[in-house]
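What follows is the content of final-v7.txt (compact mmCIF, C-alpha atoms).
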# COMPACT_ATOMS: atom_id res chain seq x y z
CA MET A 1 12.23 2.44 -99.26
CA PHE A 2 14.95 2.30 -96.55
CA GLU A 3 13.10 -0.42 -94.60
CA SER A 4 16.34 -2.01 -93.35
CA ILE A 5 18.14 1.13 -92.17
CA SER A 6 14.92 2.56 -90.72
CA SER A 7 14.34 -0.44 -88.47
CA LYS A 8 18.00 -0.54 -87.34
CA ILE A 9 18.19 3.16 -86.49
CA GLU A 10 14.85 2.96 -84.71
CA LYS A 11 16.15 0.02 -82.69
CA ALA A 12 19.30 1.97 -81.82
CA LEU A 13 17.33 5.02 -80.68
CA HIS A 14 14.98 2.79 -78.67
CA THR A 15 17.79 2.16 -76.19
CA LEU A 16 17.34 5.70 -74.82
CA LYS A 17 13.59 5.40 -74.21
CA GLY A 18 12.75 5.48 -70.54
CA LYS A 19 16.16 6.83 -69.56
CA GLY A 20 16.07 9.70 -67.10
CA SER A 21 18.78 11.64 -68.86
CA ILE A 22 21.49 11.41 -71.49
CA THR A 23 24.84 10.32 -70.17
CA ASP A 24 28.22 9.62 -71.74
CA ILE A 25 27.56 5.89 -71.39
CA ASN A 26 24.07 5.57 -72.88
CA ILE A 27 24.81 8.07 -75.66
CA ALA A 28 27.93 6.06 -76.58
CA GLU A 29 25.85 2.88 -76.79
CA THR A 30 23.26 4.59 -78.97
CA VAL A 31 25.64 6.20 -81.45
CA LYS A 32 27.53 2.93 -81.76
CA GLU A 33 24.32 1.20 -82.91
CA VAL A 34 23.45 4.10 -85.23
CA ARG A 35 26.93 3.87 -86.76
CA LYS A 36 26.46 0.13 -87.32
CA ALA A 37 23.11 0.81 -89.02
CA LEU A 38 24.76 3.33 -91.35
CA LEU A 39 27.60 0.95 -92.21
CA ASP A 40 25.07 -1.81 -92.96
CA ALA A 41 23.34 0.65 -95.29
CA ASP A 42 26.56 0.98 -97.31
CA VAL A 43 27.65 4.31 -95.85
CA SER A 44 31.46 4.57 -95.76
CA TYR A 45 33.10 4.33 -92.33
CA PRO A 46 34.65 7.86 -92.29
CA ILE A 47 31.27 9.46 -93.08
CA ALA A 48 29.39 7.23 -90.61
CA LYS A 49 31.89 8.06 -87.87
CA GLU A 50 31.87 11.80 -88.55
CA PHE A 51 28.05 11.77 -88.57
CA THR A 52 27.71 9.92 -85.26
CA ASP A 53 30.43 12.06 -83.63
CA LYS A 54 28.35 15.14 -84.52
CA VAL A 55 25.21 13.51 -83.15
CA LYS A 56 26.98 12.62 -79.90
CA ALA A 57 28.43 16.11 -79.40
CA GLU A 58 25.08 17.74 -80.16
CA ALA A 59 23.18 15.41 -77.82
CA LEU A 60 25.51 15.95 -74.87
CA GLY A 61 25.54 19.71 -75.40
CA ARG A 62 21.82 20.09 -75.88
CA ASN A 63 20.90 17.83 -72.96
CA VAL A 64 22.30 20.44 -70.58
CA ILE A 65 19.92 23.16 -71.71
CA GLN A 66 16.81 21.24 -72.82
CA SER A 67 14.39 19.35 -70.60
CA ILE A 68 13.15 16.80 -73.10
CA GLU A 69 12.82 13.02 -72.96
CA PRO A 70 16.20 11.55 -74.08
CA GLY A 71 14.71 9.32 -76.79
CA GLN A 72 12.79 12.21 -78.35
CA LEU A 73 15.82 14.46 -78.15
CA MET A 74 17.98 11.89 -79.94
CA VAL A 75 15.41 11.39 -82.72
CA LYS A 76 15.28 15.16 -83.20
CA ILE A 77 19.07 15.45 -83.39
CA VAL A 78 19.48 12.47 -85.74
CA HIS A 79 16.77 13.93 -88.00
CA GLU A 80 18.57 17.29 -88.09
CA LYS A 81 21.96 15.72 -88.84
CA LEU A 82 20.55 13.38 -91.52
CA THR A 83 18.95 16.40 -93.18
CA GLU A 84 22.28 18.28 -93.09
CA LEU A 85 24.12 15.23 -94.44
CA MET A 86 21.79 15.03 -97.45
CA GLY A 87 21.91 18.75 -98.25
CA SER A 88 19.59 20.62 -95.84
CA ALA A 89 17.16 21.90 -98.49
CA ALA A 90 15.80 21.00 -101.92
CA VAL A 91 17.64 22.59 -104.86
CA ASP A 92 15.57 23.59 -107.89
CA ILE A 93 16.58 22.82 -111.45
CA ASN A 94 17.83 25.73 -113.57
CA THR A 95 15.57 26.30 -116.58
CA LYS A 96 16.73 29.82 -117.45
CA GLY A 97 17.89 30.11 -121.05
CA THR A 98 16.62 30.39 -124.62
CA PRO A 99 16.42 27.47 -124.56
CA ALA A 100 17.69 26.06 -121.28
CA ILE A 101 19.94 23.09 -122.00
CA ILE A 102 20.05 20.10 -119.65
CA LEU A 103 22.77 17.50 -120.26
CA ILE A 104 22.22 14.00 -118.88
CA ALA A 105 25.23 11.81 -118.04
CA GLY A 106 25.85 8.52 -116.24
CA LEU A 107 26.78 4.87 -116.41
CA GLN A 108 25.24 2.31 -118.74
CA GLY A 109 21.99 0.98 -117.32
CA SER A 110 21.60 3.74 -114.74
CA GLY A 111 18.25 4.83 -116.19
CA LYS A 112 19.29 7.98 -118.08
CA THR A 113 16.86 7.60 -120.99
CA THR A 114 13.87 6.91 -118.75
CA PHE A 115 14.86 9.77 -116.45
CA SER A 116 15.20 12.14 -119.44
CA ALA A 117 11.57 11.40 -120.36
CA LYS A 118 10.41 11.69 -116.76
CA LEU A 119 12.16 15.05 -116.44
CA ALA A 120 10.53 16.25 -119.67
CA HIS A 121 7.14 15.19 -118.31
CA TYR A 122 7.85 16.94 -114.98
CA LEU A 123 8.89 20.22 -116.66
CA LYS A 124 5.91 20.09 -119.00
CA THR A 125 3.23 19.29 -116.41
CA LYS A 126 4.62 20.93 -113.24
CA LYS A 127 6.59 23.88 -114.63
CA ASN A 128 4.52 24.60 -117.77
CA LYS A 129 7.59 24.42 -120.02
CA SER A 130 7.72 23.38 -123.66
CA VAL A 131 10.36 20.66 -123.91
CA MET A 132 12.38 18.88 -126.58
CA LEU A 133 14.21 15.60 -126.00
CA VAL A 134 17.42 14.89 -127.92
CA ALA A 135 18.52 11.33 -128.72
CA GLY A 136 22.26 11.72 -128.21
CA ASP A 137 23.11 8.07 -127.57
CA VAL A 138 24.52 7.14 -130.97
CA TYR A 139 25.96 3.81 -129.79
CA ARG A 140 22.81 2.02 -128.67
CA PRO A 141 20.10 2.03 -131.39
CA ALA A 142 17.54 0.83 -128.85
CA ALA A 143 18.12 4.02 -126.84
CA ILE A 144 16.85 6.15 -129.72
CA SER A 145 13.71 4.07 -130.26
CA GLN A 146 13.15 3.94 -126.48
CA LEU A 147 13.31 7.73 -126.22
CA GLN A 148 10.98 8.11 -129.22
CA THR A 149 8.46 5.74 -127.60
CA LEU A 150 8.61 7.60 -124.29
CA GLY A 151 8.38 10.94 -126.10
CA GLN A 152 5.16 9.83 -127.82
CA GLN A 153 3.81 8.63 -124.49
CA ILE A 154 4.26 12.04 -122.82
CA GLN A 155 3.64 14.01 -126.04
CA VAL A 156 7.07 15.63 -126.14
CA PRO A 157 9.01 15.92 -129.45
CA VAL A 158 12.24 13.91 -129.81
CA PHE A 159 15.03 15.21 -132.06
CA THR A 160 16.97 12.49 -133.89
CA GLU A 161 19.20 12.44 -136.95
CA GLU A 162 19.54 9.06 -138.62
CA GLY A 163 23.03 8.20 -139.79
CA ASN A 164 24.73 10.91 -137.73
CA SER A 165 27.20 9.46 -135.20
CA ASP A 166 28.37 12.79 -133.79
CA PRO A 167 26.43 13.58 -130.57
CA ILE A 168 27.77 17.15 -130.44
CA ASP A 169 26.52 17.85 -133.98
CA ILE A 170 23.12 16.26 -133.23
CA ALA A 171 22.69 18.27 -130.04
CA THR A 172 23.79 21.52 -131.71
CA LYS A 173 21.24 21.06 -134.50
CA ALA A 174 18.54 20.19 -131.96
CA ILE A 175 19.21 23.36 -129.97
CA ARG A 176 19.08 25.43 -133.15
CA ASP A 177 15.75 23.80 -134.05
CA ALA A 178 14.39 24.37 -130.53
CA ARG A 179 15.41 28.04 -130.64
CA MET A 180 13.55 28.53 -133.94
CA LYS A 181 10.43 26.89 -132.49
CA GLY A 182 10.58 28.81 -129.21
CA THR A 183 11.04 25.68 -127.10
CA ASN A 184 11.85 26.45 -123.46
CA VAL A 185 14.00 23.44 -122.50
CA VAL A 186 16.19 20.98 -124.39
CA ILE A 187 17.11 17.73 -122.61
CA VAL A 188 20.07 15.91 -124.16
CA ASP A 189 20.18 12.17 -123.43
CA THR A 190 23.68 10.72 -123.85
CA ALA A 191 25.31 7.31 -124.06
CA GLY A 192 26.20 5.44 -120.91
CA ARG A 193 29.89 5.37 -120.18
CA LEU A 194 32.38 4.04 -117.67
CA ALA A 195 34.53 6.51 -115.74
CA VAL A 196 37.62 4.52 -116.77
CA ASP A 197 36.79 4.79 -120.50
CA GLU A 198 38.93 7.79 -121.42
CA GLU A 199 37.56 8.19 -124.95
CA MET A 200 33.95 8.21 -123.80
CA MET A 201 34.71 10.54 -120.90
CA ASN A 202 36.40 12.93 -123.35
CA GLU A 203 33.24 12.82 -125.46
CA ILE A 204 30.89 13.82 -122.61
CA SER A 205 33.37 16.52 -121.53
CA GLY A 206 33.37 17.82 -125.10
CA LEU A 207 29.58 17.86 -125.13
CA LYS A 208 29.50 20.00 -122.02
CA GLN A 209 32.15 22.41 -123.31
CA SER A 210 30.37 22.78 -126.66
CA LEU A 211 26.76 23.03 -125.45
CA LYS A 212 27.43 25.04 -122.27
CA PRO A 213 24.32 23.60 -120.57
CA GLN A 214 22.48 25.35 -117.76
CA GLU A 215 22.36 22.00 -115.97
CA THR A 216 24.50 18.87 -116.15
CA LEU A 217 22.85 16.07 -114.20
CA PHE A 218 24.57 12.85 -113.19
CA VAL A 219 22.16 9.89 -113.12
CA VAL A 220 23.06 6.98 -110.85
CA ASP A 221 21.31 3.76 -109.85
CA ALA A 222 20.71 3.95 -106.08
CA MET A 223 20.91 0.15 -105.86
CA THR A 224 24.65 0.23 -106.62
CA GLY A 225 25.30 1.43 -103.05
CA GLN A 226 28.75 2.76 -102.22
CA ASP A 227 29.84 2.23 -105.84
CA ALA A 228 27.40 5.00 -106.74
CA VAL A 229 29.37 7.41 -104.57
CA ASN A 230 32.70 6.39 -106.09
CA THR A 231 31.34 6.72 -109.63
CA ALA A 232 29.84 10.12 -108.83
CA LYS A 233 33.25 11.34 -107.65
CA ALA A 234 34.93 10.16 -110.87
CA PHE A 235 32.33 11.83 -113.10
CA ASN A 236 32.34 15.02 -111.06
CA ASP A 237 36.13 15.31 -111.43
CA ARG A 238 35.67 15.39 -115.22
CA LEU A 239 32.31 17.13 -115.62
CA ASP A 240 31.83 19.27 -112.51
CA PHE A 241 28.13 18.43 -112.77
CA ASP A 242 25.39 20.51 -111.15
CA GLY A 243 23.33 17.83 -109.48
CA VAL A 244 22.67 14.14 -108.93
CA VAL A 245 19.65 12.02 -109.83
CA LEU A 246 19.08 8.78 -107.90
CA THR A 247 17.05 6.22 -109.85
CA LYS A 248 15.41 3.00 -108.62
CA LEU A 249 15.13 4.32 -105.08
CA ASP A 250 11.97 2.21 -104.74
CA GLY A 251 14.03 -0.96 -105.19
CA ASP A 252 15.74 -3.10 -102.57
CA THR A 253 18.33 -0.47 -101.77
CA ARG A 254 20.14 -0.04 -98.46
CA GLY A 255 20.11 3.74 -98.78
CA GLY A 256 23.83 4.45 -98.49
CA ALA A 257 24.01 6.38 -101.76
CA ALA A 258 21.11 8.67 -100.87
CA LEU A 259 22.67 9.38 -97.48
CA THR A 260 26.20 10.19 -98.56
CA ILE A 261 26.46 11.04 -102.24
CA ARG A 262 25.80 14.73 -101.67
CA TYR A 263 28.36 14.81 -98.84
CA SER A 264 30.97 13.07 -100.98
CA VAL A 265 30.77 15.27 -104.11
CA GLN A 266 29.33 18.42 -102.51
CA LYS A 267 26.63 18.54 -105.18
CA PRO A 268 22.90 18.39 -104.43
CA ILE A 269 20.63 15.43 -105.14
CA LYS A 270 17.95 17.09 -107.25
CA PHE A 271 15.60 14.23 -108.18
CA VAL A 272 14.81 10.67 -107.17
CA GLY A 273 13.12 8.05 -109.33
CA ILE A 274 10.61 6.00 -107.36
CA GLY A 275 8.91 3.80 -109.97
CA GLU A 276 8.43 2.96 -113.64
CA LYS A 277 5.66 5.43 -114.50
CA MET A 278 6.48 8.78 -116.08
CA GLU A 279 4.97 10.50 -113.02
CA ALA A 280 7.28 8.53 -110.69
CA LEU A 281 9.82 11.30 -110.22
CA ASP A 282 10.18 13.34 -107.04
CA VAL A 283 12.12 16.48 -106.21
CA PHE A 284 14.60 15.49 -103.50
CA HIS A 285 13.78 17.05 -100.13
CA PRO A 286 16.47 16.15 -97.53
CA ASP A 287 14.23 16.86 -94.54
CA ARG A 288 11.40 14.71 -95.89
CA MET A 289 13.81 11.90 -96.73
CA ALA A 290 15.25 12.06 -93.20
CA SER A 291 11.71 11.74 -91.82
CA ARG A 292 11.08 8.65 -93.93
CA ILE A 293 14.37 7.06 -92.89
CA LEU A 294 13.39 7.57 -89.23
CA GLY A 295 9.94 6.03 -89.84
CA MET A 296 8.17 9.38 -89.40
CA GLY A 297 6.46 9.31 -92.79
CA ASP A 298 6.21 12.18 -95.25
CA VAL A 299 2.80 13.77 -94.96
CA VAL A 300 3.80 16.91 -96.89
CA SER A 301 4.67 14.93 -100.03
CA LEU A 302 1.52 12.83 -99.63
CA VAL A 303 -0.65 15.97 -99.51
CA GLU A 304 1.16 17.42 -102.54
CA ARG A 305 0.52 14.28 -104.55
CA ALA A 306 -3.13 14.22 -103.53
CA GLN A 307 -3.41 17.88 -104.44
CA GLU A 308 -2.11 17.24 -107.94
CA GLN A 309 -4.92 14.74 -108.55
CA TYR A 310 -7.61 16.72 -106.70
CA ASP A 311 -10.34 18.05 -108.97
CA GLU A 312 -12.61 20.40 -106.99
CA GLU A 313 -15.36 20.39 -109.61
CA GLU A 314 -15.34 16.60 -109.73
CA ALA A 315 -15.45 16.53 -105.92
CA ARG A 316 -18.61 18.66 -105.96
CA LYS A 317 -20.24 16.30 -108.44
CA ILE A 318 -19.35 13.29 -106.27
CA GLN A 319 -20.70 15.06 -103.18
CA LYS A 320 -23.98 15.82 -104.94
CA LYS A 321 -24.29 12.20 -106.07
CA LEU A 322 -23.61 10.94 -102.55
CA ILE A 323 -26.26 13.19 -101.01
CA HIS A 324 -28.85 12.02 -103.56
CA ASN A 325 -27.76 8.38 -103.27
CA GLU A 326 -26.57 8.35 -106.90
CA TYR A 327 -22.92 7.44 -106.25
CA ASN A 328 -22.16 4.36 -108.35
CA PHE A 329 -19.44 1.92 -109.41
CA GLU A 330 -18.27 4.19 -112.24
CA ASP A 331 -17.62 6.98 -109.72
CA PHE A 332 -15.81 4.51 -107.47
CA LEU A 333 -13.65 3.31 -110.37
CA SER A 334 -12.82 6.90 -111.28
CA GLN A 335 -11.62 7.62 -107.74
CA ILE A 336 -9.48 4.47 -107.73
CA GLY A 337 -7.85 5.81 -110.90
CA GLN A 338 -7.02 9.08 -109.13
CA VAL A 339 -5.40 7.24 -106.21
CA LYS A 340 -3.33 5.09 -108.61
CA LYS A 341 -2.00 8.22 -110.33
CA MET A 342 -0.49 9.34 -107.03
CA GLY A 343 2.19 6.63 -107.22
CA SER A 344 2.92 3.12 -106.05
CA MET A 345 0.88 1.88 -103.10
CA LYS A 346 4.02 0.89 -101.20
CA ASP A 347 5.47 4.38 -101.60
CA LEU A 348 2.20 6.07 -100.54
CA ILE A 349 1.87 3.89 -97.44
CA GLY A 350 5.47 4.75 -96.53
CA MET A 351 4.47 8.42 -96.41
CA ILE A 352 1.88 7.81 -93.69
CA PRO A 353 3.47 8.01 -90.21
CA GLY A 354 3.52 4.62 -88.49
CA MET A 355 2.12 2.68 -91.46
CA ASP A 356 5.51 1.16 -92.30
CA LYS A 357 5.42 -0.63 -88.93
CA LEU A 358 1.83 -1.82 -89.31
CA THR A 359 2.51 -3.20 -92.79
CA LYS A 360 6.02 -4.53 -92.05
CA ASN A 361 5.22 -8.18 -92.88
CA VAL A 362 2.53 -7.41 -95.46
CA GLU A 363 3.33 -7.58 -99.15
CA ILE A 364 2.09 -4.37 -100.75
CA THR A 365 1.83 -4.27 -104.53
CA ASP A 366 0.20 -2.07 -107.13
CA ASP A 367 -2.18 -4.95 -107.90
CA ALA A 368 -4.28 -4.18 -104.81
CA PHE A 369 -7.13 -2.69 -106.86
CA LYS A 370 -7.11 -5.31 -109.63
CA PRO A 371 -9.82 -7.59 -108.11
CA ILE A 372 -12.16 -4.61 -107.71
CA GLU A 373 -11.39 -3.30 -111.20
CA SER A 374 -11.99 -6.72 -112.75
CA MET A 375 -15.35 -7.10 -110.98
CA ILE A 376 -16.53 -3.63 -112.01
CA GLY A 377 -15.21 -4.30 -115.52
CA SER A 378 -17.39 -7.41 -115.72
CA MET A 379 -20.55 -5.38 -115.06
CA THR A 380 -22.76 -3.97 -117.78
CA PRO A 381 -22.92 -0.16 -118.12
CA TYR A 382 -26.40 -0.30 -116.55
CA GLU A 383 -25.11 -2.27 -113.55
CA ARG A 384 -22.18 0.10 -113.01
CA ARG A 385 -24.58 3.05 -112.89
CA ASN A 386 -27.22 1.29 -110.78
CA PRO A 387 -25.61 -0.64 -107.91
CA ASN A 388 -28.99 -1.53 -106.39
CA CYS A 389 -29.92 -3.70 -109.40
CA LEU A 390 -27.38 -6.40 -108.53
CA ASN A 391 -29.36 -9.55 -107.79
CA GLY A 392 -28.14 -13.12 -107.43
CA SER A 393 -27.98 -13.97 -111.13
CA ARG A 394 -26.19 -10.75 -112.03
CA LYS A 395 -23.61 -11.35 -109.29
CA GLN A 396 -23.07 -14.90 -110.57
CA ARG A 397 -22.35 -13.54 -114.05
CA ILE A 398 -19.99 -10.87 -112.67
CA ALA A 399 -18.13 -13.51 -110.63
CA ALA A 400 -17.70 -15.76 -113.67
CA GLY A 401 -16.65 -12.87 -115.89
CA SER A 402 -14.04 -11.52 -113.46
CA GLY A 403 -12.61 -14.86 -112.37
CA HIS A 404 -13.72 -14.47 -108.75
CA SER A 405 -16.08 -16.35 -106.47
CA ILE A 406 -19.62 -15.23 -105.70
CA GLN A 407 -18.39 -14.70 -102.10
CA ASP A 408 -15.78 -12.23 -103.40
CA VAL A 409 -18.43 -10.31 -105.31
CA ASN A 410 -20.81 -10.25 -102.33
CA ARG A 411 -18.00 -9.04 -100.08
CA PHE A 412 -17.05 -6.25 -102.49
CA VAL A 413 -20.66 -5.09 -102.96
CA LYS A 414 -21.15 -5.03 -99.18
CA GLN A 415 -17.93 -3.01 -98.71
CA PHE A 416 -19.02 -0.63 -101.48
CA GLU A 417 -22.37 -0.03 -99.77
CA GLU A 418 -20.70 0.60 -96.41
CA THR A 419 -18.21 2.99 -98.04
CA ARG A 420 -21.04 4.80 -99.82
CA LYS A 421 -22.99 5.25 -96.56
CA MET A 422 -19.92 6.54 -94.75
CA MET A 423 -19.05 8.98 -97.55
CA LYS A 424 -22.66 10.18 -97.68
CA ALA A 425 -22.66 10.86 -93.95
CA VAL A 426 -19.46 12.92 -94.26
CA SER A 427 -20.60 14.76 -97.41
CA SER A 428 -23.94 15.71 -95.86
CA LYS A 429 -22.15 17.75 -93.20
CA GLY A 430 -20.61 20.24 -95.58
CA LYS A 431 -18.60 21.03 -98.67
CA PRO A 432 -15.69 18.86 -99.81
CA PRO A 433 -12.42 19.88 -98.16
CA ARG A 434 -10.32 22.45 -99.97
CA LEU A 435 -6.63 21.68 -100.16
CA PRO A 436 -4.26 24.61 -99.67
CA LYS A 437 -2.79 26.23 -102.76
CA ARG A 438 0.68 25.07 -103.68
CA HIS A 439 3.53 27.53 -103.49
CA ARG A 440 5.72 26.96 -106.51
Show the structure stored in the file as structure tokens.
Amino acid sequence: MFESISSKIEKALHTLKGKGSITDINIAETVKEVRKALLDADVSYPIAKEFTDKVKAEALGRNVIQSIEPGQLMVKIVHEKLTELMGSAAVDINTKGTPAIILIAGLQGSGKTTFSAKLAHYLKTKKNKSVMLVAGDVYRPAAISQLQTLGQQIQVPVFTEEGNSDPIDIATKAIRDARMKGTNVVIVDTAGRLAVDEEMMNEISGLKQSLKPQETLFVVDAMTGQDAVNTAKAFNDRLDFDGVVLTKLDGDTRGGAALTIRYSVQKPIKFVGIGEKMEALDVFHPDRMASRILGMGDVVSLVERAQEQYDEEEARKIQKKLIHNEYNFEDFLSQIGQVKKMGSMKDLIGMIPGMDKLTKNVEITDDAFKPIESMIGSMTPYERRNPNCLNGSRKQRIAAGSGHSIQDVNRFVKQFEETRKMMKAVSSKGKPPRLPKRHR
């Protein structure tokens, strides 16, 4: 995420390292390079210029009263201004209502249907809300079946009405049904439409006027760059939406949309999609995003994700097993599963300060655990529970069954034993660490 712009801004800021003080000359050189980095990231010239002018004025003004290394000062100022540009603070979604109605709008192929399901999963698991999804895309039959499949996956009901081609009527009936059942939130998925299609734009405007939703969210593909900003403006002129959702932010995007869409329409970015899984949806935090763009990581989000998967009772059981030398391959496999639930490996590594530089030329995929999983999967239940029983013939069978060499199996078993010894040494010193309670 943002690899290109991160490296270019870092390079620009590097010009101030070692300088005794900030001067008109070296600050001009730096902001020029920052501006170029923003333009390369698909940020429009007027916004890039206004941003760097603010950075320059702030740097020159603050240098008079602060005795801080110029490079550090510039990083601090750029971080502050990036945060301001993207909205300063996270904005929560409005779920007040009986039920609360959330209308989803956007272009074709922007990821509205998938986002609708992700949002339902988020509200159900993180906000303890009962949710109903409404299949309001009457033009694309596959959209209805897709939403039904996703609804089954996350165990959220999907309201459909076969043969009905009136999205307003479908949504109205769904809301009535949700009210009778005491459902907290109704999410209405709609057809994709172009801003220049007057008939379709009239339809989505009519939906909003009729349903009077608590939230109207505009979903846009972050990979469309500056076009995303232009499209957001056109939709906002007609819908006056409440917030923006950026999908596919984990793709090969230059980051321009994330940086400027809020500035352009004066509406907050509320969520970002960062993967295919239903859990791959993050609340948008401008300060955390600014940190990631500047290569500073995002430890807070990393801790929050870990906390969501942390089971204190399970941790006690693991600790007990480690102390008594009973930790086995099944326990190891279970912990791998917990790590995988936290999100894509590339995204997690990007949250660790400095790791993006160390892994710059390393291809990071979600298949990193597959060799280990295949080797453990080729073991018998007895072998998984008793690591010490693995002799030469058993390892040969595991290698053949998993499609790996005997050297691969030996290497994994050795690494497992070293990991087990290290974890035992740590566990013997005290109780498993307690993560702080989350403030919702």
- Task: Select, from A:Val196, A:Asn328, A:Arg420, A:Leu13, the residue with the minimum atom-to-atom distance to Glu33 (chain A), counting only C-alpha atoms.
- Result: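 Answer, going by the shortest atom-to-atom distance: A:Leu13.
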- Query: So what do you get for CA of Leu294 (chain A) versus CA of Val265 (chain A), distance-wise?
  - Reply: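 CA of Val265 (chain A) lies 24.1 Å from CA of Leu294 (chain A).
In this comparison, which uses only C-alpha atoms, the residue of A:Ser378, A:Ser210, A:Ser205, A:Ser130 approaching Arg179 (chain A) most closely is A:Ser130.
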- Nearest candidate to Met223 (chain A) (options A:Glu330, A:Glu418, A:Glu50, A:Asp42; using all atoms listed in the file):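 Of A:Glu330, A:Glu418, A:Glu50, A:Asp42, the one nearest Met223 (chain A) is A:Asp42, counting all atoms listed in the file.
We find CA of His324 (chain A) and CA of Gly392 (chain A) to be spaced 25.4 Å apart.
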Taking every listed atom of region 188-202 of chain A and adding 8 Å to each side, what centre and edge lengths in Å (one decimal) does the axis-aligned box have, as lines of an AutoDock Vina configuration file?
center_x = 29.5
center_y = 10.0
center_z = -120.3
size_x = 34.9
size_y = 27.9
size_z = 25.2
- Query: For the atom pair CA of Arg140 (chain A) and CA of Thr190 (chain A), what is the interatomic distance in Å to one decimal place?
  - Reply: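 Separation of CA of Arg140 (chain A) and CA of Thr190 (chain A): 10.0 Å.
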- Find the residues near Thr247 (chain A): any atom within 8 Å, counting all atoms listed in the file, skip ones fewer than 6 places away on the same chain, and give them as number ranges by chain. A: 110-111, 115, 219-222, 272-274
- Query: Between A:Gly337, A:Gly61, A:Gly256, A:Pro167, which has the minimum distance to Tyr139 (chain A) (counting all atoms listed in the file)?
  - Reply: A:Pro167
- Query: Which residues, written as a ChimeraX atom specification, have at least one atom at most 10 Å from Leu119 (chain A), with all atoms listed in the file counted and residues fewer than 5 positions away on the same chain left out?
  - Reply: /A:102,113-114,124-125,131,133,187,271,278-282
- Fewer than 2 positions away in the same chain doesn't count, so skip those; otherwise give me all residues within 10 Å of Ala257 (chain A), counting only C-alpha atoms, as a list in words.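 Listing them by chain and then by number gives Ala41, Asp42, Val43, Ser44, Met86, Val220, Asp221, Ala222, Met223, Thr224, Gly225, Gln226, Asp227, Ala228, Val229, Asn230, Ala232, Leu246, Leu249, Thr253, Arg254, Gly255, Leu259, Thr260, Ile261, Arg262, Tyr263 and Ser264 of chain A.
For the choices A:Val75, A:Ala28, A:Val34, A:Ala135, the atom-to-atom distance to Leu60 (chain A) is smallest for A:Ala28 when using all atoms listed in the file.
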- Message: I'd like the contact shell of Lys81 (chain A) - 8 Å cut-off, only C-alpha atoms, skipping same-chain residues fewer than 5 positions apart - returned as a list in words.
- Response: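 In the requested format, the answer is Phe51, Lys54 and Val55 of chain A.
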Just the residues within 12 Å of Ala143 (chain A), please, counting only C-alpha atoms, with nothing from its chain fewer than 6 positions along; format it as a PDB file with C-alpha atoms, in the coordinates of the input.
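Saved as around23.pdb:
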ATOM      1  CA  GLN A 108      25.240   2.310-118.740  1.00  0.00           C
ATOM      2  CA  GLY A 109      21.990   0.980-117.320  1.00  0.00           C
ATOM      3  CA  GLY A 111      18.250   4.830-116.190  1.00  0.00           C
ATOM      4  CA  LYS A 112      19.290   7.980-118.080  1.00  0.00           C
ATOM      5  CA  THR A 113      16.860   7.600-120.990  1.00  0.00           C
ATOM      6  CA  THR A 114      13.870   6.910-118.750  1.00  0.00           C
ATOM      7  CA  SER A 116      15.200  12.140-119.440  1.00  0.00           C
ATOM      8  CA  ALA A 117      11.570  11.400-120.360  1.00  0.00           C
ATOM      9  CA  VAL A 134      17.420  14.890-127.920  1.00  0.00           C
ATOM     10  CA  ALA A 135      18.520  11.330-128.720  1.00  0.00           C
ATOM     11  CA  GLY A 136      22.260  11.720-128.210  1.00  0.00           C
ATOM     12  CA  ASP A 137      23.110   8.070-127.570  1.00  0.00           C
ATOM     13  CA  THR A 149       8.460   5.740-127.600  1.00  0.00           C
ATOM     14  CA  LEU A 150       8.610   7.600-124.290  1.00  0.00           C
ATOM     15  CA  GLY A 151       8.380  10.940-126.100  1.00  0.00           C
ATOM     16  CA  VAL A 158      12.240  13.910-129.810  1.00  0.00           C
ATOM     17  CA  THR A 160      16.970  12.490-133.890  1.00  0.00           C
ATOM     18  CA  ASP A 189      20.180  12.170-123.430  1.00  0.00           C
ATOM     19  CA  THR A 190      23.680  10.720-123.850  1.00  0.00           C
ATOM     20  CA  ALA A 191      25.310   7.310-124.060  1.00  0.00           C
ATOM     21  CA  GLY A 192      26.200   5.440-120.910  1.00  0.00           C
TER      22      GLY A 192
END
Cut-off 10 Å: closest region 100-189 of chain A/region 237-244 of chain A atom pairs per residue, using only C-alpha atoms, as a Markdown table:
| residue | atom | partner | partner_atom | distance |
| --- | --- | --- | --- | --- |
| A:Leu103 | CA | A:Phe241 | CA | 9.3 |
| A:Ile104 | CA | A:Phe241 | CA | 9.6 |
| A:Ala105 | CA | A:Phe241 | CA | 8.9 |
| A:Gly106 | CA | A:Val244 | CA | 9.8 |
Could you give me region 45-49 of chain A completed to N, CA and C atoms, formatted as a PDB file, keeping the file's coordinate frame?
ATOM      1  N   TYR A  45      32.780   4.187 -93.752  1.00  0.00           N
ATOM      2  CA  TYR A  45      33.100   4.330 -92.330  1.00  0.00           C
ATOM      3  C   TYR A  45      33.457   5.766 -91.937  1.00  0.00           C
ATOM      4  N   PRO A  46      34.310   6.483 -92.704  1.00  0.00           N
ATOM      5  CA  PRO A  46      34.650   7.860 -92.290  1.00  0.00           C
ATOM      6  C   PRO A  46      33.418   8.758 -92.181  1.00  0.00           C
ATOM      7  N   ILE A  47      32.474   8.614 -93.121  1.00  0.00           N
ATOM      8  CA  ILE A  47      31.270   9.460 -93.080  1.00  0.00           C
ATOM      9  C   ILE A  47      30.376   9.038 -91.924  1.00  0.00           C
ATOM     10  N   ALA A  48      30.225   7.723 -91.713  1.00  0.00           N
ATOM     11  CA  ALA A  48      29.390   7.230 -90.610  1.00  0.00           C
ATOM     12  C   ALA A  48      29.949   7.688 -89.269  1.00  0.00           C
ATOM     13  N   LYS A  49      31.261   7.645 -89.128  1.00  0.00           N
ATOM     14  CA  LYS A  49      31.890   8.060 -87.870  1.00  0.00           C
ATOM     15  C   LYS A  49      31.742   9.558 -87.643  1.00  0.00           C
TER      16      LYS A  49
END
